[in-house]
Amino acid sequence: MTEAWDGVLVGAHLATLDGGAGYGAIEDGALGWRDGRFTFVGPRAALPDAPERLADAVIDAGGGWVTPGLVDCHTHLVFAGHRAAEFEQRLLGASYEQIARSGGGILSTVRATRAADEDTLFAQSLPRARALLGDGVTTLEIKSGYGLDLDDERRMLRVARRIGQSLGVGVRTTFLGAHALPPEYANRADEYVSRVCEWLAELHGEGLVDAVDAFAERIGFGIAQTRRVFEAARALGLPVKLHADQLSDGGGAALVAEFGGLSADHVEHTSDAGVRAMARAGTVAVLLPGAFHVLRETQLPPLDAFRAHRVPMAVATDCNPGTSPLLSLRQAMQLACTHFRLTPEEALRGTTVHAARALGLDDRGALRTGLRADFVHWNIDHPAELCYWLGGPLARAVHAGGHRLC
Ligand code: NIG
Ligand code: FE
């Protein structure tokens, strides 16, 4: 008998996502894990011994499919309050940009978030993370960006870390101080960017920052200002990503690629030159169909160009109170298929392999020996069902690091 494993799962098919294309399907598969990592991924018939002799904890899944734990690589889920009234305003004809320019939008959530203490912020945000987990997410990124001063940004990042500890999911934090210009810096955007760079160094020193993001847009920050934030990140050895070309083509994708960025996100208006720059740099395109859907956008991201240039495409919820109040990554996959015509296989790769890459994580995103034992057992007959059902409870069990979370 080999060294004992902590657990073995049999009785389900596997979509390993291992290898460059396809689901990496293994019919009647088996998983083994020890110390939080997979020790076996393969057909049940290839197990080196009977399951009960390999581990004390043997799960007989009784059918269904197992996929890697899903990775939500772009969320803003730590915030206070909500913006349902803006949703109503937009349905009556106001645009996202108009609302932002009149002091609502992101700044409305900044006011609510600044007014909330850490426990309140945690209590309001935790259920959102729990909802993502319940639909299969085992790793998520959480951005700051509704504090816009040192103490309030710090509180958001601390809450993000607490969510990871409390739920047992992986959390990657992203500092998004350059999300909007707070009112106290009106007409002093360059000065605000200088503060953002100082806060970044301080918060990084406190171990609160894994990556750096900015909102490069007409209603956000200009390319020169974003570049300064990226230079500060580079000086600290932190990876960058960017809200790029969401409402207009501002050259954001090319900028983040120039810095060897992990990802360019939204990218509806990205030009061919931007796509080529991303391909050269290995920057992932993070598609956010929730925001596209809620804002009733019509400009599709350059999907064929991404495919032609082999730019990896990830899919994320963008969970936030303004443009994407979306609490299921599986639903984001569904929207990516219906709005962007991703194949269900592309959508699943986009929330596993490519999403892990968009976070700079090479220890997860597939079912493979040596990777983290993050996996979801789904109540489905075919992997495409993950993108087919609108809502509904499909996840039977969610494991992270070999531990069952729900
Ligand atoms: O990803 N575009 C900027 N940031 C968010 C929206 C944030 C908000 O409206 O609160 C986004 O769409
Ligand atoms: Fe976003």
# chains A, B, ... in the order shown; residues from 1 in each chain; ligands from 1

$ residues_near_ligand --ligand "ligand 1" --cutoff "8 Å" --atoms "only C-alpha atoms and all ligand atoms" --output "ChimeraX atom specification"
/A:75-76,96,105-107,109,146,179,215,220,243,246,266,288,291,318-324

$ residues_around --residues "Thr139 (chain A)" --least-positions-apart "4" --cutoff "9 Å" --atoms "only C-alpha atoms" --output "number ranges by chain"
A: 69-73, 133, 164, 169-172, 356, 374, 400

$ residues_around --residues "Arg227 (chain A)" --least-positions-apart "4" --cutoff "10 Å" --atoms "only C-alpha atoms" --output "PyMOL selection string"
chain A and resi 214+216+221-223+231-233+252+255-256+258-259

$ residues_around --residues "region 15-32 of chain A" --least-positions-apart "5" --cutoff "8 Å" --atoms "only C-alpha atoms" --output "PDB file with C-alpha atoms, in the first residue's frame"
ATOM      1  CA  TRP A   5      -3.980   9.741   1.556  1.00  0.00           C
ATOM      2  CA  ASP A   6      -6.296  12.108   3.405  1.00  0.00           C
ATOM      3  CA  GLY A   7      -9.182  11.437   1.054  1.00  0.00           C
ATOM      4  CA  VAL A   8     -10.319   9.696  -2.097  1.00  0.00           C
ATOM      5  CA  LEU A   9     -13.320  10.459  -4.294  1.00  0.00           C
ATOM      6  CA  VAL A  10     -14.779   7.926  -6.717  1.00  0.00           C
ATOM      7  CA  PHE A  38      -3.930  16.061  -5.342  1.00  0.00           C
ATOM      8  CA  THR A  39      -1.940  12.843  -5.162  1.00  0.00           C
ATOM      9  CA  PHE A  40      -3.995  11.083  -7.825  1.00  0.00           C
ATOM     10  CA  VAL A  41      -6.166  12.201 -10.731  1.00  0.00           C
ATOM     11  CA  GLY A  42      -7.189   9.536 -13.217  1.00  0.00           C
ATOM     12  CA  PRO A  43      -9.571   6.740 -14.081  1.00  0.00           C
ATOM     13  CA  ARG A  44     -10.856   4.809 -11.119  1.00  0.00           C
ATOM     14  CA  ALA A  45      -9.484   1.639 -12.704  1.00  0.00           C
ATOM     15  CA  LEU A  47      -6.091   3.597  -8.636  1.00  0.00           C
ATOM     16  CA  TRP A  65     -19.170  15.471 -12.599  1.00  0.00           C
ATOM     17  CA  VAL A  66     -16.231  16.947 -10.723  1.00  0.00           C
ATOM     18  CA  THR A  67     -14.470  20.086 -11.976  1.00  0.00           C
ATOM     19  CA  PRO A  68     -11.657  22.169 -10.516  1.00  0.00           C
ATOM     20  CA  GLU A 345     -15.841  24.686 -22.669  1.00  0.00           C
ATOM     21  CA  ARG A 349     -11.642  27.137 -18.944  1.00  0.00           C
ATOM     22  CA  THR A 352     -10.564  27.701 -13.956  1.00  0.00           C
ATOM     23  CA  VAL A 353      -7.262  27.565 -15.857  1.00  0.00           C
ATOM     24  CA  GLY A 365      -7.248  25.844 -11.899  1.00  0.00           C
ATOM     25  CA  ALA A 366      -7.151  22.199 -13.054  1.00  0.00           C
ATOM     26  CA  LEU A 367      -7.464  18.694 -11.645  1.00  0.00           C
ATOM     27  CA  ARG A 368      -3.856  17.539 -11.771  1.00  0.00           C
ATOM     28  CA  PRO A 383     -20.216  19.725 -18.289  1.00  0.00           C
TER      29      PRO A 383
END

$ residues_around --residues "Leu176 (chain A)" --least-positions-apart "3" --cutoff "10 Å" --atoms "only C-alpha atoms" --output "list in words"
His76, Ile142, Lys143, Ser144, Gly145, Tyr146, Gly147, Leu148, Glu153, Thr173, His179, Ala180, Val196, Leu200, Val209, Ala211, Val212, Asp213, Ala214, Phe215, Val229, Lys241, Leu242 and His243 of chain A

$ write_last_selection --atoms "C-alpha atoms" --output "mmCIF file, in the first residue's frame"
data_model
loop_
_atom_site.group_PDB
_atom_site.id
_atom_site.type_symbol
_atom_site.label_atom_id
_atom_site.label_comp_id
_atom_site.auth_asym_id
_atom_site.auth_seq_id
_atom_site.Cartn_x
_atom_site.Cartn_y
_atom_site.Cartn_z
ATOM 1 C CA HIS A 76 -15.531 44.198 -5.785
ATOM 2 C CA ILE A 142 -11.411 41.066 -3.990
ATOM 3 C CA LYS A 143 -10.557 44.665 -4.846
ATOM 4 C CA SER A 144 -10.487 47.718 -2.640
ATOM 5 C CA GLY A 145 -11.590 50.980 -4.260
ATOM 6 C CA TYR A 146 -14.606 52.169 -2.283
ATOM 7 C CA GLY A 147 -12.517 53.752 0.480
ATOM 8 C CA LEU A 148 -10.296 56.089 -1.523
ATOM 9 C CA GLU A 153 -8.909 51.253 1.771
ATOM 10 C CA THR A 173 -6.529 41.136 -2.665
ATOM 11 C CA HIS A 179 -10.938 53.660 -8.901
ATOM 12 C CA ALA A 180 -12.520 57.135 -8.753
ATOM 13 C CA VAL A 196 -2.488 56.437 -4.016
ATOM 14 C CA LEU A 200 0.041 51.386 -1.901
ATOM 15 C CA VAL A 209 -1.930 43.768 -1.222
ATOM 16 C CA ALA A 211 -1.906 42.995 -6.953
ATOM 17 C CA VAL A 212 -2.700 46.516 -8.178
ATOM 18 C CA ASP A 213 -5.529 47.704 -10.421
ATOM 19 C CA ALA A 214 -6.863 51.040 -11.735
ATOM 20 C CA PHE A 215 -9.903 52.293 -13.644
ATOM 21 C CA VAL A 229 0.303 53.794 -10.359
ATOM 22 C CA LYS A 241 -4.140 44.436 -13.910
ATOM 23 C CA LEU A 242 -6.495 47.053 -15.324
ATOM 24 C CA HIS A 243 -10.123 48.024 -15.881
#

$ closest_residue --among "A:Asp245, A:Glu184, A:Asp49, A:Asp35" --to "ligand 2" --atoms "only C-alpha atoms and all ligand atoms"
A:Asp245
